[in-house]
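This report concerns only the one structure given below.
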Amino acid sequence: MPAYVMDEPLAVRFVFPNGREWTAVLEGLPNPGLARDLAKGLAANAHPSGGIGAKNTAKAYAVALRKMVSALAEAGFTGRAPDLTRAALVRYWMASTYTRERETRMLLKGFDAVTGALRPEVRTYLTGNQIQAYRGTSPYKAYTDGEWERLETSCRAVVDDSWARHRRALELAAQGGEPSASAHHSPQDIAWLLLRDGPFPDRPVYRARTQGTKSTQWDLRRAVRQVRSDLFPHPVVQVAYSVLFGMYCGVVPDGIDDLGLDGLEWTGDATMLITYIKGRTARESSNLPARAVRLLERWLAYSAPLRNFTDAEIRGQLWISYTPKWYTTSGEFSPVVGPPLGTGRHRDLVKQLGLVDDAGKPFVIHRGRIRATYHERLARRGWTGRATIDPNHTARTEGDHYVTPTSPAQLDAVESIIEDGQADILRKALPPVVLSAGQAAQFAEDFPDEVKRLKLDATAIAELVGGERDVFTAACADQLAGVHGPAGQPCPARPWVCLLCPLSVFLPRHAANLLRLNAFFARQFRQMPTENFVRVFGPYADRLTSEILPKLSVEAKAKGEREVEDDDTDLPLRPEEATL
């Protein structure tokens, strides 16, 4: 059962898709009857029947419930949910916010779905539009290159330093043994004892070995703290690992926090697939980049000694750390904790590293901005992955939140890219110029529009028809036009690009090379995934088979076929373009 109402004390117990549980305590509100009714609506909105599938979402709805009960009680309402009138709800929502109205509407809808006890006028009203207008949020602003590099360098330094100290502590433990009764314990013996018994400074084994003067006892405690901090990950170190992991892979923050050991799957010697729960959607998977895999591999080795002493509650979590100031809900001492719930540890990391932003102010680690920056940097490197970063987004939402230009220079650059792309689409839409032997002689007379489009004079027409302007698959009206490269420089385009170029003229003498290119496409189709082939060669192969080859005569194609072998021998290819 995803959620259920508890009576004593009044509370709603949630069981989330990732297996974790959380209880919303609703005791002590001024109108217990209304609170109980809305608690039923809160439980009815739990995943999968509703949209509450994560702890933070459940917290927000619980806060909305308490605020609504308190506000209505303050306004003089003492009844229960079936007694609510449209006028009372309108007064409350007029003084509320868009988010609060949406949440409380969902609570009332959930209650009515379970009981059917709301007044008909209220039920009808709930199906209408909200009173409060939605105010669009601003997209996350990506970090600048300088801020990103400082954050990555600083976190990397923490990770490398902690790993070096951890390895030294393991070496000390390998050299140590059971401490003697003396108060002067060596670092080797302390490391051996901590590695065997765990980071528990208050255990009797430590007190029994603490003898001598107070000064000696303090020295021993300091030595234990030092070795313990080297051997086991501190929360600030754990935060540095998780922040760096987010910078390396771009996974959503809640997915990183909730990642468990059961969500890691090795798919090769150096490749890993992670499976996590995204709060707004459901289970997702991601192939990790190589450096994220290496970082995760180091973290697993670094946290392994501490994991032997974890409580069953957090044993399966990926991110764990040691802190002597933590107590479980049952009141028992537990020095091993999972990922931090707030941003306090992030601020501790910033303070420890002395990180500042470009304005010289203390750096603010915002993991939503880290994800946005990760994808913004991918886009700048010419990333050609899936159509949207998040399959739950439309292309417009993706553009607004991840690749929105933030400066006049970026806006100008984006507009130039759009203009170039539109012009390129228009050029590719032009039909190809394919001439027979007879038409070549009457080119200037029979194709006046094409001559005008290609900007040809009599000399250029003679060179074009005579073969002096031939490239591999066609005759080119102007190789220095700069359509696919810098103007004034020879065209750098690959042979198949000519198939969609507006400057190309295809003649019977090109039939053999066109057929070689057609065979090359067939070989590439056999060895490439269909999606990749369509993206790389699809438009060119379609133009060749549907518009160019059908216009060549049967004799020209038959003559060309006699010269074609089904291999790459006569194709001007780069090594990486060759087929098997």
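Starting from 1 in every chain, residues are counted up; chains themselves are A, B, ... following the order of the structure tokens, and ligands are numbered from 1 as listed.
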Secondary structure check, helix (DSSP H, G or I) residues of segment 546-575 of chain A, as a list in words |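 Of segment 546-575 of chain A, the ones in helix (DSSP H, G or I) are Ser546, Glu547, Ile548, Leu549, Pro550, Lys551, Val554, Glu555, Ala556, Lys557, Ala558, Lys559, Gly560, Glu561 and Pro575 of chain A.
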Residues as selected, N, CA and C atoms, written as a compact mmCIF listing (two decimals), in the first residue's frame, can you do that?
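Okay, this is what ended up in result-v6.txt:
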```txt
# COMPACT_ATOMS: atom_id res chain seq x y z
N SER A 546 16.17 8.22 -54.79
CA SER A 546 14.82 8.63 -55.21
C SER A 546 14.81 9.75 -56.25
N GLU A 547 15.90 10.54 -56.36
CA GLU A 547 15.85 11.69 -57.25
C GLU A 547 16.97 11.73 -58.29
N ILE A 548 18.12 11.17 -57.98
CA ILE A 548 19.26 11.31 -58.91
C ILE A 548 19.38 10.09 -59.81
N LEU A 549 19.53 8.90 -59.23
CA LEU A 549 19.71 7.70 -60.08
C LEU A 549 18.53 7.45 -61.01
N PRO A 550 17.26 7.66 -60.58
CA PRO A 550 16.16 7.42 -61.53
C PRO A 550 16.21 8.32 -62.77
N LYS A 551 16.88 9.47 -62.70
CA LYS A 551 16.93 10.39 -63.84
C LYS A 551 18.06 10.06 -64.81
N VAL A 554 19.20 4.27 -68.59
CA VAL A 554 19.51 2.86 -68.31
C VAL A 554 20.90 2.52 -68.84
N GLU A 555 21.25 3.09 -70.02
CA GLU A 555 22.56 2.81 -70.61
C GLU A 555 23.70 3.35 -69.72
N ALA A 556 23.51 4.56 -69.19
CA ALA A 556 24.55 5.16 -68.35
C ALA A 556 24.74 4.34 -67.08
N LYS A 557 23.65 3.87 -66.47
CA LYS A 557 23.77 3.07 -65.25
C LYS A 557 24.36 1.70 -65.54
N ALA A 558 23.98 1.10 -66.67
CA ALA A 558 24.53 -0.21 -67.01
C ALA A 558 26.03 -0.13 -67.26
N LYS A 559 26.46 0.93 -67.93
CA LYS A 559 27.89 1.12 -68.18
C LYS A 559 28.63 1.35 -66.86
N GLY A 560 28.01 2.11 -65.96
CA GLY A 560 28.65 2.39 -64.68
C GLY A 560 28.74 1.16 -63.80
N GLU A 561 27.74 0.29 -63.85
CA GLU A 561 27.74 -0.91 -63.01
C GLU A 561 28.90 -1.83 -63.35
N PRO A 575 40.18 6.90 -43.05
CA PRO A 575 40.26 5.56 -42.44
C PRO A 575 39.05 5.22 -41.57
```
#### Entry: 8 Å contact set for segment 466-480 of chain A, only C-alpha atoms, chain neighbours under 3 positions out, as a PyMOL selection string
chain A and resi 454+456+460+462-463+487-491+495-496+498-499+503-507+510+513-514
For the selection just defined, write its residues with N, CA, C and O atoms to a file, as a PDB file, in the first residue's frame.
```pdb
ATOM      1  N   LEU A 454      22.707  28.982 -60.507  1.00  0.00           N
ATOM      2  CA  LEU A 454      24.108  28.616 -60.335  1.00  0.00           C
ATOM      3  C   LEU A 454      25.067  29.751 -60.677  1.00  0.00           C
ATOM      4  O   LEU A 454      26.272  29.617 -60.464  1.00  0.00           O
ATOM      5  N   LEU A 456      26.085  31.055 -63.641  1.00  0.00           N
ATOM      6  CA  LEU A 456      27.064  30.579 -64.605  1.00  0.00           C
ATOM      7  C   LEU A 456      27.119  31.502 -65.819  1.00  0.00           C
ATOM      8  O   LEU A 456      26.096  32.007 -66.292  1.00  0.00           O
ATOM      9  N   ALA A 460      31.952  29.269 -67.734  1.00  0.00           N
ATOM     10  CA  ALA A 460      31.688  28.335 -66.651  1.00  0.00           C
ATOM     11  C   ALA A 460      30.843  27.164 -67.127  1.00  0.00           C
ATOM     12  O   ALA A 460      31.056  26.020 -66.711  1.00  0.00           O
ATOM     13  N   ALA A 462      30.808  25.891 -70.148  1.00  0.00           N
ATOM     14  CA  ALA A 462      31.678  25.010 -70.926  1.00  0.00           C
ATOM     15  C   ALA A 462      32.548  24.154 -70.015  1.00  0.00           C
ATOM     16  O   ALA A 462      32.746  22.955 -70.262  1.00  0.00           O
ATOM     17  N   GLU A 463      33.092  24.737 -68.944  1.00  0.00           N
ATOM     18  CA  GLU A 463      33.915  23.968 -68.009  1.00  0.00           C
ATOM     19  C   GLU A 463      33.084  22.936 -67.270  1.00  0.00           C
ATOM     20  O   GLU A 463      33.542  21.819 -67.019  1.00  0.00           O
ATOM     21  N   ALA A 487      34.679  30.738 -47.387  1.00  0.00           N
ATOM     22  CA  ALA A 487      34.604  31.276 -48.744  1.00  0.00           C
ATOM     23  C   ALA A 487      36.008  31.552 -49.268  1.00  0.00           C
ATOM     24  O   ALA A 487      36.880  32.040 -48.553  1.00  0.00           O
ATOM     25  N   GLY A 488      36.213  31.196 -50.539  1.00  0.00           N
ATOM     26  CA  GLY A 488      37.518  31.399 -51.142  1.00  0.00           C
ATOM     27  C   GLY A 488      38.466  30.234 -50.986  1.00  0.00           C
ATOM     28  O   GLY A 488      39.556  30.232 -51.568  1.00  0.00           O
ATOM     29  N   GLN A 489      38.072  29.227 -50.203  1.00  0.00           N
ATOM     30  CA  GLN A 489      38.894  28.030 -49.999  1.00  0.00           C
ATOM     31  C   GLN A 489      38.216  26.841 -50.657  1.00  0.00           C
ATOM     32  O   GLN A 489      36.995  26.783 -50.768  1.00  0.00           O
ATOM     33  N   PRO A 490      38.984  25.841 -51.116  1.00  0.00           N
ATOM     34  CA  PRO A 490      38.377  24.655 -51.728  1.00  0.00           C
ATOM     35  C   PRO A 490      37.386  23.999 -50.782  1.00  0.00           C
ATOM     36  O   PRO A 490      37.585  23.949 -49.569  1.00  0.00           O
ATOM     37  N   CYS A 491      36.309  23.482 -51.342  1.00  0.00           N
ATOM     38  CA  CYS A 491      35.236  22.894 -50.539  1.00  0.00           C
ATOM     39  C   CYS A 491      35.739  21.648 -49.800  1.00  0.00           C
ATOM     40  O   CYS A 491      36.297  20.733 -50.425  1.00  0.00           O
ATOM     41  N   PRO A 495      32.285  13.253 -49.989  1.00  0.00           N
ATOM     42  CA  PRO A 495      31.682  12.982 -51.315  1.00  0.00           C
ATOM     43  C   PRO A 495      30.164  12.958 -51.309  1.00  0.00           C
ATOM     44  O   PRO A 495      29.531  13.441 -52.253  1.00  0.00           O
ATOM     45  N   TRP A 496      29.559  12.391 -50.255  1.00  0.00           N
ATOM     46  CA  TRP A 496      28.090  12.274 -50.241  1.00  0.00           C
ATOM     47  C   TRP A 496      27.387  13.607 -50.006  1.00  0.00           C
ATOM     48  O   TRP A 496      26.218  13.744 -50.304  1.00  0.00           O
ATOM     49  N   CYS A 498      27.786  16.259 -51.610  1.00  0.00           N
ATOM     50  CA  CYS A 498      27.439  16.832 -52.917  1.00  0.00           C
ATOM     51  C   CYS A 498      26.027  16.446 -53.358  1.00  0.00           C
ATOM     52  O   CYS A 498      25.415  17.152 -54.174  1.00  0.00           O
ATOM     53  N   LEU A 499      25.513  15.356 -52.859  1.00  0.00           N
ATOM     54  CA  LEU A 499      24.184  14.896 -53.268  1.00  0.00           C
ATOM     55  C   LEU A 499      23.096  15.885 -52.874  1.00  0.00           C
ATOM     56  O   LEU A 499      22.040  15.935 -53.511  1.00  0.00           O
ATOM     57  N   LEU A 503      24.944  23.396 -55.665  1.00  0.00           N
ATOM     58  CA  LEU A 503      25.884  23.732 -56.737  1.00  0.00           C
ATOM     59  C   LEU A 503      26.242  22.520 -57.596  1.00  0.00           C
ATOM     60  O   LEU A 503      27.036  22.640 -58.530  1.00  0.00           O
ATOM     61  N   SER A 504      25.692  21.353 -57.291  1.00  0.00           N
ATOM     62  CA  SER A 504      26.064  20.123 -57.990  1.00  0.00           C
ATOM     63  C   SER A 504      25.234  19.935 -59.263  1.00  0.00           C
ATOM     64  O   SER A 504      24.025  20.210 -59.276  1.00  0.00           O
ATOM     65  N   VAL A 505      25.887  19.457 -60.295  1.00  0.00           N
ATOM     66  CA  VAL A 505      25.229  19.075 -61.551  1.00  0.00           C
ATOM     67  C   VAL A 505      25.671  17.643 -61.861  1.00  0.00           C
ATOM     68  O   VAL A 505      26.873  17.357 -61.940  1.00  0.00           O
ATOM     69  N   PHE A 506      24.709  16.734 -62.001  1.00  0.00           N
ATOM     70  CA  PHE A 506      25.005  15.314 -62.198  1.00  0.00           C
ATOM     71  C   PHE A 506      24.839  14.971 -63.678  1.00  0.00           C
ATOM     72  O   PHE A 506      23.787  15.217 -64.280  1.00  0.00           O
ATOM     73  N   LEU A 507      25.871  14.387 -64.257  1.00  0.00           N
ATOM     74  CA  LEU A 507      25.908  14.045 -65.675  1.00  0.00           C
ATOM     75  C   LEU A 507      26.121  12.538 -65.841  1.00  0.00           C
ATOM     76  O   LEU A 507      26.530  11.858 -64.883  1.00  0.00           O
ATOM     77  N   HIS A 510      29.116  10.622 -64.401  1.00  0.00           N
ATOM     78  CA  HIS A 510      29.250  10.439 -62.957  1.00  0.00           C
ATOM     79  C   HIS A 510      28.535   9.177 -62.459  1.00  0.00           C
ATOM     80  O   HIS A 510      28.547   8.900 -61.256  1.00  0.00           O
ATOM     81  N   ASN A 513      30.555   6.578 -60.223  1.00  0.00           N
ATOM     82  CA  ASN A 513      30.840   7.019 -58.858  1.00  0.00           C
ATOM     83  C   ASN A 513      29.569   7.124 -58.015  1.00  0.00           C
ATOM     84  O   ASN A 513      29.590   6.869 -56.804  1.00  0.00           O
ATOM     85  N   LEU A 514      28.469   7.517 -58.645  1.00  0.00           N
ATOM     86  CA  LEU A 514      27.206   7.550 -57.905  1.00  0.00           C
ATOM     87  C   LEU A 514      26.795   6.148 -57.474  1.00  0.00           C
ATOM     88  O   LEU A 514      26.298   5.950 -56.359  1.00  0.00           O
TER      89      LEU A 514
END
```
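The closest residue to Asn31 of chain A, picked from A:Ser138, A:Ser70, A:Asn56, A:Gln527 and counting only C-alpha atoms, is A:Ser70.
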Worksheet item: If we count only C-alpha atoms, what is near Val564 of chain A at a cut-off of 9 Å, once residues fewer than 4 positions away on the same chain are taken out, given as a list in words?
Response: Ala512, Asn513, Leu515, Arg516, Ala519, Gly560 and Asp570 of chain A
Residue selection dump (all heavy atoms) as a PDB file, in the first residue's frame:
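Heads up, here's the output in selection_39.pdb:
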```pdb
ATOM      1  N   ALA A 512      29.111   5.954 -62.576  1.00  0.00           N
ATOM      2  CA  ALA A 512      29.893   4.938 -61.871  1.00  0.00           C
ATOM      3  C   ALA A 512      30.154   5.348 -60.424  1.00  0.00           C
ATOM      4  O   ALA A 512      29.995   4.543 -59.491  1.00  0.00           O
ATOM      5  CB  ALA A 512      31.208   4.682 -62.610  1.00  0.00           C
ATOM      6  N   ASN A 513      30.555   6.578 -60.223  1.00  0.00           N
ATOM      7  CA  ASN A 513      30.840   7.019 -58.858  1.00  0.00           C
ATOM      8  C   ASN A 513      29.569   7.124 -58.015  1.00  0.00           C
ATOM      9  O   ASN A 513      29.590   6.869 -56.804  1.00  0.00           O
ATOM     10  CB  ASN A 513      31.559   8.367 -58.883  1.00  0.00           C
ATOM     11  CG  ASN A 513      33.018   8.233 -59.275  1.00  0.00           C
ATOM     12  OD1 ASN A 513      33.574   7.131 -59.235  1.00  0.00           O
ATOM     13  ND2 ASN A 513      33.635   9.325 -59.665  1.00  0.00           N
ATOM     14  N   LEU A 515      27.023   5.144 -58.336  1.00  0.00           N
ATOM     15  CA  LEU A 515      26.703   3.768 -57.972  1.00  0.00           C
ATOM     16  C   LEU A 515      27.654   3.250 -56.898  1.00  0.00           C
ATOM     17  O   LEU A 515      27.263   2.456 -56.035  1.00  0.00           O
ATOM     18  CB  LEU A 515      26.757   2.876 -59.217  1.00  0.00           C
ATOM     19  CG  LEU A 515      25.647   3.139 -60.258  1.00  0.00           C
ATOM     20  CD1 LEU A 515      25.927   2.394 -61.548  1.00  0.00           C
ATOM     21  CD2 LEU A 515      24.288   2.733 -59.690  1.00  0.00           C
ATOM     22  N   ARG A 516      28.934   3.654 -56.964  1.00  0.00           N
ATOM     23  CA  ARG A 516      29.867   3.283 -55.891  1.00  0.00           C
ATOM     24  C   ARG A 516      29.385   3.843 -54.544  1.00  0.00           C
ATOM     25  O   ARG A 516      29.460   3.183 -53.508  1.00  0.00           O
ATOM     26  CB  ARG A 516      31.262   3.819 -56.206  1.00  0.00           C
ATOM     27  CG  ARG A 516      31.966   3.125 -57.357  1.00  0.00           C
ATOM     28  CD  ARG A 516      33.403   3.595 -57.488  1.00  0.00           C
ATOM     29  NE  ARG A 516      34.085   2.910 -58.578  1.00  0.00           N
ATOM     30  CZ  ARG A 516      34.250   3.389 -59.802  1.00  0.00           C
ATOM     31  NH1 ARG A 516      33.770   4.610 -60.098  1.00  0.00           N
ATOM     32  NH2 ARG A 516      34.879   2.695 -60.718  1.00  0.00           N
ATOM     33  N   ALA A 519      26.445   1.806 -53.268  1.00  0.00           N
ATOM     34  CA  ALA A 519      26.900   0.550 -52.655  1.00  0.00           C
ATOM     35  C   ALA A 519      27.531   0.816 -51.287  1.00  0.00           C
ATOM     36  O   ALA A 519      27.383   0.008 -50.354  1.00  0.00           O
ATOM     37  CB  ALA A 519      27.907  -0.142 -53.578  1.00  0.00           C
ATOM     38  N   GLY A 560      28.008   2.115 -65.961  1.00  0.00           N
ATOM     39  CA  GLY A 560      28.651   2.391 -64.681  1.00  0.00           C
ATOM     40  C   GLY A 560      28.745   1.163 -63.796  1.00  0.00           C
ATOM     41  O   GLY A 560      29.740   0.969 -63.083  1.00  0.00           O
ATOM     42  N   ASP A 570      37.710   2.338 -54.618  1.00  0.00           N
ATOM     43  CA  ASP A 570      37.717   3.540 -55.457  1.00  0.00           C
ATOM     44  C   ASP A 570      37.035   4.738 -54.805  1.00  0.00           C
ATOM     45  O   ASP A 570      36.743   5.726 -55.486  1.00  0.00           O
ATOM     46  CB  ASP A 570      37.026   3.226 -56.789  1.00  0.00           C
ATOM     47  CG  ASP A 570      37.757   2.150 -57.573  1.00  0.00           C
ATOM     48  OD1 ASP A 570      39.004   2.182 -57.578  1.00  0.00           O
ATOM     49  OD2 ASP A 570      37.084   1.270 -58.157  1.00  0.00           O
TER      50      ASP A 570
END
```
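For Glu101 of chain A, the set of protein, DNA and RNA residues having any atom at most 12 Å away, when counting only C-alpha atoms and skipping those fewer than 3 positions along the same chain, is Tyr61, Ala64, Leu65, Lys67, Met68, Leu89, Val90, Arg91, Tyr92, Trp93, Met94, Ala95, Ser96, Thr97, Tyr98, Thr104, Arg105, Met106, Leu107, Leu108, Leu126, Asn129, Gln130, Ile131, Gln132, Ala133 and Tyr134 of chain A.
Taking atom CA of Tyr276 of chain A and atom CA of Val5 of chain A as the two end points, the separation is 27.8 Å.
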Exercise for the section: For Thr343 of chain A, work out the shell of residues within 12 Å, counting only C-alpha atoms and skipping chain neighbours fewer than 6 positions away, then give it as an MDAnalysis selection string. Expected result: chainID A and resid 235:236 239 243 349:350 364:367
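If only C-alpha atoms are the atoms counted, then among A:Ser154, A:Ala578, A:Val15, A:Pro139 the closest residue to Leu353 of chain A is A:Ser154.
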Inset, instruction - Take atom CA of Val159 of chain A and atom CA of Asp348 of chain A and report the distance between them in Å, one decimal. - result: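 Straight-line distance from atom CA of Val159 of chain A to atom CA of Asp348 of chain A works out to 15.2 Å.
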**OP:** Pick out the residues sitting within 9 Å of segment 257-268 of chain A, and hand them over as number ranges by chain; count only C-alpha atoms, and ignore anything fewer than 4 positions along from it in its own chain.
**Re:** A: 18, 242, 252-253, 272-278, 285, 315-319, 338-340
Can you spit out the residues from that selection as a short mmCIF file (atom, residue, chain, number, x, y, z; two decimals), in the first residue's frame, using C-alpha atoms?
```cif
data_model
loop_
_atom_site.label_atom_id
_atom_site.label_comp_id
_atom_site.auth_asym_id
_atom_site.auth_seq_id
_atom_site.Cartn_x
_atom_site.Cartn_y
_atom_site.Cartn_z
CA ASN A 18 12.31 3.44 -4.11
CA SER A 242 28.67 13.27 -4.94
CA VAL A 252 19.29 14.52 -11.55
CA PRO A 253 20.12 15.41 -7.91
CA MET A 272 28.62 0.78 -15.69
CA LEU A 273 24.86 1.23 -15.93
CA ILE A 274 23.10 2.97 -13.05
CA THR A 275 19.38 2.70 -12.30
CA TYR A 276 17.72 5.30 -10.10
CA ILE A 277 14.34 6.76 -9.23
CA LYS A 278 13.63 10.24 -10.54
CA SER A 285 18.79 4.18 -16.34
CA ARG A 315 23.52 -0.44 4.34
CA GLY A 316 22.28 -0.49 0.75
CA GLN A 317 22.77 3.23 0.15
CA LEU A 318 25.65 4.34 -2.03
CA TRP A 319 26.55 7.55 -0.18
CA GLY A 338 23.53 8.50 4.42
CA PRO A 339 23.55 11.54 2.13
CA PRO A 340 22.87 14.90 3.86
#
```
Taking only segment 237-279 of chain A into account, list the residues labelled strand (DSSP E) by DSSP (computed from the backbone), as a ChimeraX atom specification.
/A:264-266,272-277
Residues near Gln188 of chain A, anyone? I mean within 8 Å using only C-alpha atoms, not counting same-chain ones fewer than 6 positions away, as an mmCIF file with all heavy atoms, in the first residue's frame.
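Okay, this is what ended up in around_33.cif:
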```cif
data_model
loop_
_atom_site.group_PDB
_atom_site.id
_atom_site.type_symbol
_atom_site.label_atom_id
_atom_site.label_comp_id
_atom_site.auth_asym_id
_atom_site.auth_seq_id
_atom_site.Cartn_x
_atom_site.Cartn_y
_atom_site.Cartn_z
ATOM 1 N N LEU A 172 48.975 1.563 7.376
ATOM 2 C CA LEU A 172 49.265 1.532 8.808
ATOM 3 C C LEU A 172 48.555 0.356 9.472
ATOM 4 O O LEU A 172 49.129 -0.335 10.329
ATOM 5 C CB LEU A 172 48.825 2.845 9.463
ATOM 6 C CG LEU A 172 49.625 4.105 9.126
ATOM 7 C CD1 LEU A 172 48.992 5.322 9.781
ATOM 8 C CD2 LEU A 172 51.075 3.957 9.586
ATOM 9 N N ALA A 173 47.282 0.144 9.108
ATOM 10 C CA ALA A 173 46.522 -0.950 9.715
ATOM 11 C C ALA A 173 47.149 -2.309 9.407
ATOM 12 O O ALA A 173 47.121 -3.220 10.244
ATOM 13 C CB ALA A 173 45.073 -0.909 9.221
ATOM 14 N N ALA A 174 47.717 -2.446 8.200
ATOM 15 C CA ALA A 174 48.357 -3.710 7.835
ATOM 16 C C ALA A 174 49.608 -3.977 8.670
ATOM 17 O O ALA A 174 50.020 -5.131 8.840
ATOM 18 C CB ALA A 174 48.712 -3.694 6.353
ATOM 19 N N GLN A 175 50.204 -2.900 9.208
ATOM 20 C CA GLN A 175 51.421 -3.044 10.011
ATOM 21 C C GLN A 175 51.113 -3.161 11.500
ATOM 22 O O GLN A 175 52.012 -3.445 12.300
ATOM 23 C CB GLN A 175 52.341 -1.844 9.785
ATOM 24 C CG GLN A 175 52.777 -1.660 8.342
ATOM 25 C CD GLN A 175 53.419 -0.310 8.107
ATOM 26 O OE1 GLN A 175 53.706 0.425 9.049
ATOM 27 N NE2 GLN A 175 53.644 0.013 6.840
ATOM 28 N N GLY A 176 49.878 -2.908 11.928
ATOM 29 C CA GLY A 176 49.528 -2.880 13.336
ATOM 30 C C GLY A 176 49.022 -4.209 13.844
ATOM 31 O O GLY A 176 48.965 -5.220 13.130
ATOM 32 N N GLY A 177 48.655 -4.200 15.120
ATOM 33 C CA GLY A 177 48.134 -5.391 15.754
ATOM 34 C C GLY A 177 47.380 -5.024 17.014
ATOM 35 O O GLY A 177 47.104 -3.841 17.278
#
```
In Å to one decimal, how far is atom CA of Tyr540 of chain A from atom CA of Glu376 of chain A?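 We find that atom CA of Glu376 of chain A and atom CA of Tyr540 of chain A lie 29.6 Å from each other.
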